[in-house]
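Shown next, in structure tokens, is the structure this report addresses.
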Amino acid sequence: MSRTAMYKSPNLPFGLPWRQPANPLVEVATQVPSQPEIVLSEDTGTPETMARMLEATGNYKILRRLAPRTAEPRPAAGRIGLIIDLETTGLDTTRNEVLEIAAIKFGYADDRNTSVIGTFQGFQQPSEPIEAAITALTGITDAMVDGHNIDNTALEQFVADAHIVIAHNAAFDRKVAERHWPVFADCHCACSATGIDWKAHGLGARPAYLLSEYGLFHDAHRALDDCRAVLEILALDLPGTEQSRLAALLDRAHRPQHRIWADGAPFALKDTLKQRGYRWHDGTDGRPKAWYLDADAVEAELDFLRKEIYRQDDLDIVWRTITSLDRFSTRI
């Protein structure tokens with residue numbers, strides 16, 4: 001008998017079939033609109049076929065597991081990018097230990113991904129047992145890291161030829177990476193979470209969300225899987241444009257910013273500074289104990305501080321230029 005058939009869901013009463021709601025203010029639909037007819041293929045038993053059947057109804061969105069790209073030889077032309085992700089014993093960049101580091105090296109030309117060149121992954125056994133909360137977040141257990149040490153020489157060689165290092169939380173990952181491997185201090189760096197104005201394009205910044213918009217999912221909070229997710233996210237175009245997300249990220253990374261310190265700003269004006277985007281620094285690392293802002297236009301911001309905060313037109317204000325060489329590092 002032929003496996004080809006016509007599928008059409010039956011019309012069923014809405015709500016409980018044995019009793020309709022008694023509330024006279026609520027109109028109850030008596031029928032569900034007919035679903036579109038779906039023609040099944042010869043092989044109706046495969047998961048992909050069943051997924052497509054559900055999608056064809058218009059009532060379901062199916063997420064497919066992100067498939068890793070196959071590594072290829074390094075291209076003769078173009079530049080080299082590196083995506084990194086770290087899993088650690090906590091969120092303190094000055095003292096918590098690395099449990100895992102992973103990296104994907106990829107080629108890019110004309111600000112678009114061209115190939116995956118290779119991957120790196122390593123576990124590190126910490127000095128103390130892993131807390132249960134960290135295992136719950138990362139999936140990393142004591143058994144997984146027992147006896148493991150990251151090959152520092154191999155990692156530094158893997159990183160050395162990268163033109164740009166990308167992390168989805170570079171403000172965290174770069175600080176930790178530099179503390180353990182000095183090679184990262186000499187790298188240009190970009191953050192795929194903050195280096196693209198996701199909100200302006202109607203998107204959230206979390207990798208799981210960005211993948212789901214294109215029908216994909218991955219095993220979040222495992223370092224190499226997170227790197228693969230970022231690679232795919234950056235390969236796509238920004239909505240409504242012909243610009244790749246990688247191109248937008250690189251454009252932002254190449255433009256310098258200026259860190260401006262509102263040192264000694266009146267306490268009564270702290271809300272004004274916060275509304276403008278200033279953040280507080282507690283001074284524990286030797287930098288000013290003050291409000292600060294990373295601004296694109298330095299002169300306009302200095303003018304604002306002199307007129308609206310200090311009320312002194314000739315006041316000297318501390319600021320410095322930040323480039324991708326030191327952005328997100330402990331040196332600023």
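Chain labels follow the order of the structure tokens: the first chain is A, the next B, and so on; residue numbering restarts at 1 in every chain, and ligands are counted from 1 in their shown order.
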
**OP:** Give the strand (DSSP E or B) residues of segment 234-310 of chain A, as DSSP finds them on the backbone, and put them as a VMD selection string.
**Re:** chain A and resid 237 244 257 to 262 279 to 281 290 to 295

Could you dump the residues just selected with all heavy atoms as a short mmCIF file (atom, residue, chain, number, x, y, z; two decimals), in the first residue's frame?
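So part09.cif came out as:
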data_model
loop_
_atom_site.label_atom_id
_atom_site.label_comp_id
_atom_site.auth_asym_id
_atom_site.auth_seq_id
_atom_site.Cartn_x
_atom_site.Cartn_y
_atom_site.Cartn_z
N ASP A 237 23.49 37.50 8.45
CA ASP A 237 23.35 38.94 8.22
C ASP A 237 22.49 39.55 9.32
O ASP A 237 21.63 38.88 9.90
CB ASP A 237 22.68 39.21 6.87
CG ASP A 237 23.63 38.98 5.71
OD1 ASP A 237 24.85 38.79 5.93
OD2 ASP A 237 23.14 38.98 4.57
N SER A 244 26.99 41.36 7.28
CA SER A 244 27.11 40.24 8.21
C SER A 244 27.28 40.76 9.62
O SER A 244 27.77 41.88 9.85
CB SER A 244 28.30 39.35 7.83
OG SER A 244 29.52 39.97 8.19
N GLN A 257 37.26 54.00 21.53
CA GLN A 257 36.40 54.68 22.48
C GLN A 257 37.26 55.49 23.43
O GLN A 257 38.49 55.42 23.39
CB GLN A 257 35.56 53.67 23.28
CG GLN A 257 34.34 53.13 22.57
CD GLN A 257 33.55 52.20 23.46
OE1 GLN A 257 34.07 51.28 24.07
NE2 GLN A 257 32.24 52.43 23.54
N HIS A 258 36.59 56.24 24.30
CA HIS A 258 37.31 57.08 25.26
C HIS A 258 36.69 56.88 26.63
O HIS A 258 35.49 57.10 26.81
CB HIS A 258 37.24 58.54 24.84
CG HIS A 258 37.59 58.77 23.40
ND1 HIS A 258 38.88 58.77 22.94
CD2 HIS A 258 36.81 58.95 22.31
CE1 HIS A 258 38.89 58.98 21.65
NE2 HIS A 258 37.63 59.09 21.23
N ARG A 259 37.50 56.41 27.58
CA ARG A 259 37.00 56.24 28.94
C ARG A 259 37.19 57.55 29.70
O ARG A 259 38.30 58.05 29.84
CB ARG A 259 37.71 55.10 29.66
CG ARG A 259 37.28 54.96 31.12
CD ARG A 259 37.52 53.58 31.65
NE ARG A 259 36.67 52.59 30.96
CZ ARG A 259 36.64 51.30 31.28
NH1 ARG A 259 37.41 50.85 32.27
NH2 ARG A 259 35.86 50.47 30.62
N ILE A 260 36.08 58.07 30.17
CA ILE A 260 36.07 59.37 30.84
C ILE A 260 35.67 59.17 32.29
O ILE A 260 34.67 58.52 32.60
CB ILE A 260 35.08 60.33 30.14
CG1 ILE A 260 35.47 60.48 28.65
CG2 ILE A 260 35.04 61.67 30.82
CD1 ILE A 260 34.41 61.14 27.81
N TRP A 261 36.47 59.75 33.19
CA TRP A 261 36.25 59.59 34.62
C TRP A 261 35.65 60.88 35.20
O TRP A 261 36.23 61.95 35.08
CB TRP A 261 37.55 59.28 35.34
CG TRP A 261 38.13 57.95 34.96
CD1 TRP A 261 39.03 57.70 33.97
CD2 TRP A 261 37.82 56.69 35.56
NE1 TRP A 261 39.32 56.37 33.91
CE2 TRP A 261 38.59 55.71 34.88
CE3 TRP A 261 36.97 56.29 36.60
CZ2 TRP A 261 38.53 54.36 35.21
CZ3 TRP A 261 36.93 54.94 36.93
CH2 TRP A 261 37.70 54.00 36.24
N ALA A 262 34.49 60.73 35.82
CA ALA A 262 33.87 61.88 36.50
C ALA A 262 34.34 61.89 37.95
O ALA A 262 33.55 61.76 38.89
CB ALA A 262 32.35 61.79 36.41
N ARG A 279 28.91 54.43 34.98
CA ARG A 279 28.95 53.33 35.94
C ARG A 279 29.94 53.66 37.06
O ARG A 279 30.89 54.42 36.86
CB ARG A 279 29.36 52.03 35.24
CG ARG A 279 28.30 51.51 34.29
CD ARG A 279 28.78 50.28 33.54
NE ARG A 279 29.77 50.61 32.53
CZ ARG A 279 30.38 49.72 31.77
NH1 ARG A 279 30.12 48.45 31.91
NH2 ARG A 279 31.27 50.10 30.87
N TRP A 280 29.71 53.04 38.21
CA TRP A 280 30.53 53.33 39.38
C TRP A 280 31.69 52.35 39.47
O TRP A 280 31.53 51.15 39.24
CB TRP A 280 29.70 53.26 40.65
CG TRP A 280 30.49 53.46 41.92
CD1 TRP A 280 30.85 52.51 42.84
CD2 TRP A 280 31.05 54.70 42.40
NE1 TRP A 280 31.58 53.06 43.86
CE2 TRP A 280 31.71 54.41 43.61
CE3 TRP A 280 31.04 56.00 41.91
CZ2 TRP A 280 32.36 55.39 44.35
CZ3 TRP A 280 31.69 56.98 42.65
CH2 TRP A 280 32.34 56.68 43.84
N HIS A 281 32.87 52.87 39.78
CA HIS A 281 34.04 52.03 40.04
C HIS A 281 34.50 52.27 41.47
O HIS A 281 34.65 53.42 41.89
CB HIS A 281 35.17 52.34 39.05
CG HIS A 281 36.32 51.39 39.17
ND1 HIS A 281 37.41 51.65 39.97
CD2 HIS A 281 36.52 50.18 38.62
CE1 HIS A 281 38.25 50.63 39.89
NE2 HIS A 281 37.74 49.73 39.08
N ALA A 290 35.32 56.43 41.25
CA ALA A 290 34.54 57.47 40.58
C ALA A 290 33.59 56.85 39.58
O ALA A 290 33.66 55.67 39.25
CB ALA A 290 35.47 58.45 39.88
N TRP A 291 32.70 57.71 39.05
CA TRP A 291 31.83 57.33 37.94
C TRP A 291 32.63 57.41 36.64
O TRP A 291 33.50 58.28 36.50
CB TRP A 291 30.63 58.27 37.85
CG TRP A 291 29.69 58.15 39.02
CD1 TRP A 291 29.70 58.92 40.15
CD2 TRP A 291 28.64 57.21 39.18
NE1 TRP A 291 28.71 58.51 41.01
CE2 TRP A 291 28.03 57.46 40.43
CE3 TRP A 291 28.13 56.18 38.39
CZ2 TRP A 291 26.96 56.72 40.91
CZ3 TRP A 291 27.06 55.44 38.85
CH2 TRP A 291 26.48 55.71 40.09
N TYR A 292 32.34 56.52 35.70
CA TYR A 292 33.05 56.55 34.42
C TYR A 292 32.11 56.15 33.29
O TYR A 292 31.09 55.51 33.49
CB TYR A 292 34.28 55.63 34.44
CG TYR A 292 33.95 54.16 34.37
CD1 TYR A 292 33.91 53.48 33.15
CD2 TYR A 292 33.67 53.43 35.53
CE1 TYR A 292 33.61 52.14 33.08
CE2 TYR A 292 33.36 52.09 35.48
CZ TYR A 292 33.33 51.44 34.25
OH TYR A 292 33.02 50.11 34.20
N LEU A 293 32.50 56.54 32.07
CA LEU A 293 31.72 56.24 30.87
C LEU A 293 32.68 55.97 29.71
O LEU A 293 33.69 56.65 29.57
CB LEU A 293 30.82 57.42 30.52
CG LEU A 293 29.99 57.31 29.23
CD1 LEU A 293 28.84 56.33 29.44
CD2 LEU A 293 29.45 58.67 28.80
N ASP A 294 32.36 54.99 28.89
CA ASP A 294 33.10 54.76 27.65
C ASP A 294 32.31 55.41 26.52
O ASP A 294 31.21 54.96 26.16
CB ASP A 294 33.27 53.26 27.39
CG ASP A 294 34.19 52.60 28.41
OD1 ASP A 294 35.00 53.31 29.02
OD2 ASP A 294 34.09 51.37 28.59
N ALA A 295 32.85 56.49 25.98
CA ALA A 295 32.13 57.32 25.02
C ALA A 295 32.82 57.30 23.66
O ALA A 295 34.05 57.18 23.57
CB ALA A 295 32.02 58.75 25.53
#

**OP:** Give the answer as one residue: which of A:Leu238, A:Ala160, A:Ala77, A:Cys191 has the shortest atom-to-atom distance to Asp110 of chain A, using only C-alpha atoms?
**Re:** A:Ala77

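When only C-alpha atoms are used to measure the gap to Pro126 of chain A, the shortest distance among A:Ala109, A:Leu99, A:Val318, A:Cys189 belongs to A:Leu99.
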
Original post:
In Å to one decimal, how far is atom CA of Asn149 of chain A from atom CA of Gln125 of chain A?
Top reply: 6.4 Å

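Close contacts of Ala265 of chain A, defined as residues with an atom at most 10 Å away when counting only C-alpha atoms, with chain neighbours fewer than 5 positions off set aside, comprise Lys270, Leu273, Ala290, Trp291, Leu305, Ile309 and Tyr310 of chain A.
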
Take the residues just selected and output them with N, CA, C and O atoms as a compact mmCIF listing (two decimals), in the first residue's frame.
# COMPACT_ATOMS: atom_id res chain seq x y z
N LYS A 270 24.55 62.06 41.15
CA LYS A 270 24.83 60.69 40.76
C LYS A 270 23.73 60.11 39.86
O LYS A 270 24.02 59.35 38.93
N LEU A 273 24.25 61.19 36.32
CA LEU A 273 25.31 60.42 35.68
C LEU A 273 24.83 59.02 35.31
O LEU A 273 25.11 58.52 34.21
N ALA A 290 35.32 56.43 41.25
CA ALA A 290 34.54 57.47 40.58
C ALA A 290 33.59 56.85 39.58
O ALA A 290 33.66 55.67 39.25
N TRP A 291 32.70 57.71 39.05
CA TRP A 291 31.83 57.33 37.94
C TRP A 291 32.63 57.41 36.64
O TRP A 291 33.50 58.28 36.50
N LEU A 305 30.16 67.27 31.11
CA LEU A 305 30.62 67.21 32.49
C LEU A 305 30.96 68.60 33.03
O LEU A 305 30.61 68.95 34.17
N ILE A 309 27.83 69.02 35.35
CA ILE A 309 28.21 68.33 36.58
C ILE A 309 29.13 69.19 37.45
O ILE A 309 28.85 69.44 38.62
N TYR A 310 30.22 69.69 36.87
CA TYR A 310 31.19 70.44 37.66
C TYR A 310 30.95 71.95 37.67
O TYR A 310 31.41 72.65 38.57

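Distances from A:Lys105, A:His188, A:Arg222, A:Arg95 to Arg255 of chain A were compared using only C-alpha atoms, and the smallest one belongs to A:His188.
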
**OP:** Check segment 235-311 of chain A with DSSP on the backbone and list each residue it calls helix (DSSP H, G or I), as an NGL selection string.
**Re:** :A and (235 or 245-254 or 267-275 or 298-310)

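Distance check against Glu72 of chain A using only C-alpha atoms: of A:Ile84, A:Ala103, A:Ser115, A:Val230, the minimum falls on A:Ser115.
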
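When the distance limit is 9 Å and only C-alpha atoms are what count, the residues near segment 136-148 of chain A, minus those fewer than 4 positions from it on the same chain, are Glu87, Thr88, Leu99, Glu100, Gly122, Phe123, Gln124, Gln125, Pro126, Pro129, Ile130, Glu131, Ala132, Ala220, His221, Arg222 and Ala223 of chain A.
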
Those selected residues, please, written with all heavy atoms and delivered as a CSV table (one decimal), in the first residue's frame.
chain,number,residue,atom,x,y,z
A,87,GLU,N,35.0,28.4,31.1
A,87,GLU,CA,34.2,28.0,32.2
A,87,GLU,C,35.1,28.0,33.5
A,87,GLU,O,36.2,27.5,33.4
A,87,GLU,CB,33.5,26.6,32.1
A,87,GLU,CG,32.7,26.4,30.8
A,87,GLU,CD,31.5,27.3,30.7
A,87,GLU,OE1,31.1,27.8,31.8
A,87,GLU,OE2,31.0,27.5,29.6
A,88,THR,N,34.6,28.7,34.5
A,88,THR,CA,35.4,28.9,35.7
A,88,THR,C,34.7,28.5,37.0
A,88,THR,O,33.5,28.2,37.0
A,88,THR,CB,35.8,30.4,35.8
A,88,THR,OG1,34.6,31.2,36.0
A,88,THR,CG2,36.5,30.9,34.5
A,99,LEU,N,38.2,26.2,34.7
A,99,LEU,CA,37.8,24.7,34.6
A,99,LEU,C,38.0,24.2,33.1
A,99,LEU,O,38.4,23.1,32.9
A,99,LEU,CB,36.4,24.5,35.0
A,99,LEU,CG,36.1,24.8,36.5
A,99,LEU,CD1,34.6,24.7,36.7
A,99,LEU,CD2,36.8,23.9,37.4
A,100,GLU,N,37.7,25.1,32.2
A,100,GLU,CA,37.7,24.7,30.8
A,100,GLU,C,37.9,25.9,29.9
A,100,GLU,O,37.4,27.0,30.2
A,100,GLU,CB,36.4,24.0,30.4
A,100,GLU,CG,36.3,23.5,29.0
A,100,GLU,CD,35.0,22.9,28.6
A,100,GLU,OE1,34.0,23.2,29.2
A,100,GLU,OE2,34.9,22.2,27.6
A,122,GLY,N,40.4,22.3,26.4
A,122,GLY,CA,41.1,21.7,27.5
A,122,GLY,C,40.4,21.9,28.8
A,122,GLY,O,39.9,22.9,29.1
A,123,PHE,N,40.5,20.9,29.7
A,123,PHE,CA,40.0,20.9,31.0
A,123,PHE,C,41.2,21.2,32.0
A,123,PHE,O,42.4,20.9,31.7
A,123,PHE,CB,39.4,19.6,31.5
A,123,PHE,CG,38.0,19.4,30.9
A,123,PHE,CD1,37.7,18.3,30.1
A,123,PHE,CD2,37.0,20.3,31.1
A,123,PHE,CE1,36.5,18.1,29.6
A,123,PHE,CE2,35.7,20.1,30.6
A,123,PHE,CZ,35.5,19.0,29.9
A,124,GLN,N,40.9,21.8,33.1
A,124,GLN,CA,41.8,22.1,34.2
A,124,GLN,C,41.3,21.7,35.5
A,124,GLN,O,40.2,22.1,35.9
A,124,GLN,CB,42.2,23.6,34.2
A,124,GLN,CG,43.2,24.0,35.2
A,124,GLN,CD,44.6,23.7,34.8
A,124,GLN,OE1,44.9,23.7,33.6
A,124,GLN,NE2,45.5,23.4,35.7
A,125,GLN,N,42.0,20.9,36.3
A,125,GLN,CA,41.5,20.5,37.6
A,125,GLN,C,41.8,21.6,38.6
A,125,GLN,O,43.0,22.1,38.7
A,125,GLN,CB,42.2,19.2,38.1
A,125,GLN,CG,41.7,18.8,39.5
A,125,GLN,CD,42.4,17.5,39.9
A,125,GLN,OE1,43.2,16.9,39.2
A,125,GLN,NE2,42.0,17.0,41.1
A,126,PRO,N,40.8,22.2,39.3
A,126,PRO,CA,41.0,23.3,40.2
A,126,PRO,C,41.6,22.8,41.5
A,126,PRO,O,41.7,21.6,41.7
A,126,PRO,CB,39.6,23.8,40.4
A,126,PRO,CG,38.7,22.6,40.3
A,126,PRO,CD,39.4,21.8,39.2
A,129,PRO,N,37.5,21.2,45.3
A,129,PRO,CA,36.3,20.6,44.6
A,129,PRO,C,35.4,21.6,44.0
A,129,PRO,O,35.2,22.7,44.5
A,129,PRO,CB,35.6,19.8,45.7
A,129,PRO,CG,36.7,19.5,46.7
A,129,PRO,CD,37.6,20.7,46.7
A,130,ILE,N,34.8,21.3,42.9
A,130,ILE,CA,33.9,22.2,42.2
A,130,ILE,C,32.5,22.3,43.0
A,130,ILE,O,32.0,21.3,43.4
A,130,ILE,CB,33.6,21.7,40.8
A,130,ILE,CG1,34.9,21.6,40.0
A,130,ILE,CG2,32.6,22.6,40.0
A,130,ILE,CD1,34.7,20.9,38.6
A,131,GLU,N,32.1,23.5,43.2
A,131,GLU,CA,30.8,23.7,43.9
A,131,GLU,C,29.7,23.2,43.1
A,131,GLU,O,29.7,23.2,41.9
A,131,GLU,CB,30.6,25.2,44.2
A,131,GLU,CG,31.7,25.8,45.2
A,131,GLU,CD,31.4,27.2,45.5
A,131,GLU,OE1,30.4,27.8,45.0
A,131,GLU,OE2,32.3,27.8,46.2
A,132,ALA,N,28.6,22.7,43.8
A,132,ALA,CA,27.5,22.2,43.1
A,132,ALA,C,26.8,23.2,42.2
A,132,ALA,O,26.3,22.8,41.1
A,132,ALA,CB,26.5,21.7,44.2
A,220,ALA,N,24.2,24.8,25.7
A,220,ALA,CA,24.8,26.0,26.3
A,220,ALA,C,25.6,25.7,27.5
A,220,ALA,O,25.4,24.7,28.2
A,220,ALA,CB,23.6,26.9,26.7
A,221,HIS,N,26.6,26.6,27.8
A,221,HIS,CA,27.5,26.5,28.9
A,221,HIS,C,28.5,25.4,28.9
A,221,HIS,O,29.1,25.1,29.9
A,221,HIS,CB,26.7,26.5,30.2
A,221,HIS,CG,25.8,27.7,30.5
A,221,HIS,ND1,26.3,29.0,30.5
A,221,HIS,CD2,24.5,27.8,30.6
A,221,HIS,CE1,25.3,29.8,30.7
A,221,HIS,NE2,24.2,29.1,30.7
A,222,ARG,N,28.7,24.8,27.7
A,222,ARG,CA,29.9,24.0,27.4
A,222,ARG,C,30.7,24.8,26.5
A,222,ARG,O,30.2,25.3,25.4
A,222,ARG,CB,29.5,22.6,26.9
A,222,ARG,CG,28.8,21.7,27.9
A,222,ARG,CD,29.7,21.6,29.2
A,222,ARG,NE,31.1,21.4,29.0
A,222,ARG,CZ,31.6,20.2,28.7
A,222,ARG,NH1,30.8,19.1,28.7
A,222,ARG,NH2,32.9,20.1,28.5
A,223,ALA,N,32.0,25.0,26.8
A,223,ALA,CA,32.8,26.0,26.2
A,223,ALA,C,32.9,25.8,24.6
A,223,ALA,O,32.7,26.8,23.9
A,223,ALA,CB,34.2,26.0,26.8

**OP:** For atom CA of Arg174 of chain A and atom CA of Gly202 of chain A, quote the distance in Å rounded to one decimal.
**Re:** 27.5 Å

Original post:
For Asp225 of chain A, which residue out of A:Ala162, A:Val98, A:Leu302, A:Leu66 is the nearest one, using only C-alpha atoms?
Top reply: A:Leu66

**OP:** Name all residues at most 12 Å from Asn169 of chain A (count only C-alpha atoms; drop same-chain ones fewer than 3 positions away) and give them as a PyMOL selection string.
**Re:** chain A and resi 83-87+91+165-166+172-177+189-195+205-207+226-227+230+328-329

Residues near Leu246 of chain A, cut-off 10 Å, only C-alpha atoms, skip fewer than 4 positions along chain, as a compact mmCIF listing (two decimals) with N, CA, C and O atoms, in the first residue's frame:
# COMPACT_ATOMS: atom_id res chain seq x y z
N TYR A 108 38.42 34.51 7.73
CA TYR A 108 37.41 35.45 7.25
C TYR A 108 38.02 36.38 6.21
O TYR A 108 39.20 36.71 6.26
N ASP A 110 36.63 39.79 3.58
CA ASP A 110 35.55 40.75 3.34
C ASP A 110 34.55 40.73 4.48
O ASP A 110 33.33 40.86 4.29
N ASP A 111 35.08 40.54 5.69
CA ASP A 111 34.28 40.54 6.93
C ASP A 111 33.20 39.48 6.94
O ASP A 111 32.15 39.64 7.55
N ARG A 112 33.48 38.35 6.28
CA ARG A 112 32.58 37.20 6.35
C ARG A 112 33.38 35.94 6.64
O ARG A 112 34.50 35.78 6.15
N ASN A 113 32.78 35.04 7.44
CA ASN A 113 33.43 33.77 7.73
C ASN A 113 33.64 33.00 6.43
O ASN A 113 32.75 32.93 5.59
N SER A 192 31.06 39.85 21.23
CA SER A 192 29.89 39.63 20.39
C SER A 192 28.58 39.88 21.13
O SER A 192 27.53 39.97 20.49
N GLY A 195 29.26 44.26 21.36
CA GLY A 195 29.82 44.95 20.20
C GLY A 195 28.85 45.10 19.05
O GLY A 195 29.17 45.76 18.05
N ILE A 196 27.68 44.49 19.15
CA ILE A 196 26.61 44.65 18.17
C ILE A 196 25.39 45.17 18.91
O ILE A 196 25.05 44.67 19.98
N VAL A 230 28.50 31.01 18.69
CA VAL A 230 28.89 32.37 18.32
C VAL A 230 29.35 32.42 16.87
O VAL A 230 29.03 33.37 16.13
N LEU A 231 30.06 31.41 16.42
CA LEU A 231 30.52 31.35 15.02
C LEU A 231 29.32 31.42 14.07
O LEU A 231 29.33 32.18 13.09
N GLU A 232 28.29 30.64 14.34
CA GLU A 232 27.12 30.63 13.47
C GLU A 232 26.34 31.93 13.55
O GLU A 232 25.83 32.44 12.55
N ILE A 233 26.24 32.49 14.74
CA ILE A 233 25.53 33.76 14.91
C ILE A 233 26.19 34.86 14.09
O ILE A 233 25.52 35.66 13.43
N LEU A 234 27.52 34.91 14.10
CA LEU A 234 28.24 35.95 13.38
C LEU A 234 28.23 35.73 11.87
O LEU A 234 28.47 36.67 11.10
N ALA A 235 27.95 34.51 11.43
CA ALA A 235 27.93 34.23 9.99
C ALA A 235 26.67 34.77 9.32
O ALA A 235 26.64 34.97 8.10
N LEU A 236 25.63 35.04 10.10
CA LEU A 236 24.36 35.51 9.56
C LEU A 236 24.40 37.02 9.30
O LEU A 236 25.22 37.74 9.88
N ASP A 237 23.49 37.50 8.45
CA ASP A 237 23.35 38.94 8.22
C ASP A 237 22.49 39.55 9.32
O ASP A 237 21.63 38.88 9.90
N LEU A 238 22.71 40.82 9.58
CA LEU A 238 21.82 41.55 10.47
C LEU A 238 20.46 41.69 9.80
O LEU A 238 20.38 41.87 8.58
N LEU A 250 33.28 43.72 13.76
CA LEU A 250 34.63 44.19 13.45
C LEU A 250 34.67 45.70 13.29
O LEU A 250 35.63 46.36 13.71
N ASP A 251 33.63 46.26 12.70
CA ASP A 251 33.56 47.72 12.56
C ASP A 251 33.58 48.39 13.93
O ASP A 251 34.28 49.38 14.13
N ARG A 252 32.82 47.83 14.87
CA ARG A 252 32.80 48.40 16.22
C ARG A 252 34.14 48.22 16.91
O ARG A 252 34.62 49.11 17.61

Original post:
When distances are computed from only C-alpha atoms, which of A:Ile164, A:Ile332, A:Ala171, A:Ile150 shows the smallest separation from Gly107 of chain A?
Top reply: A:Ile164

Original post:
At what distance in Å, to one decimal, does atom CA of Thr114 of chain A lie from atom CA of Arg69 of chain A?
Top reply: 11.1 Å
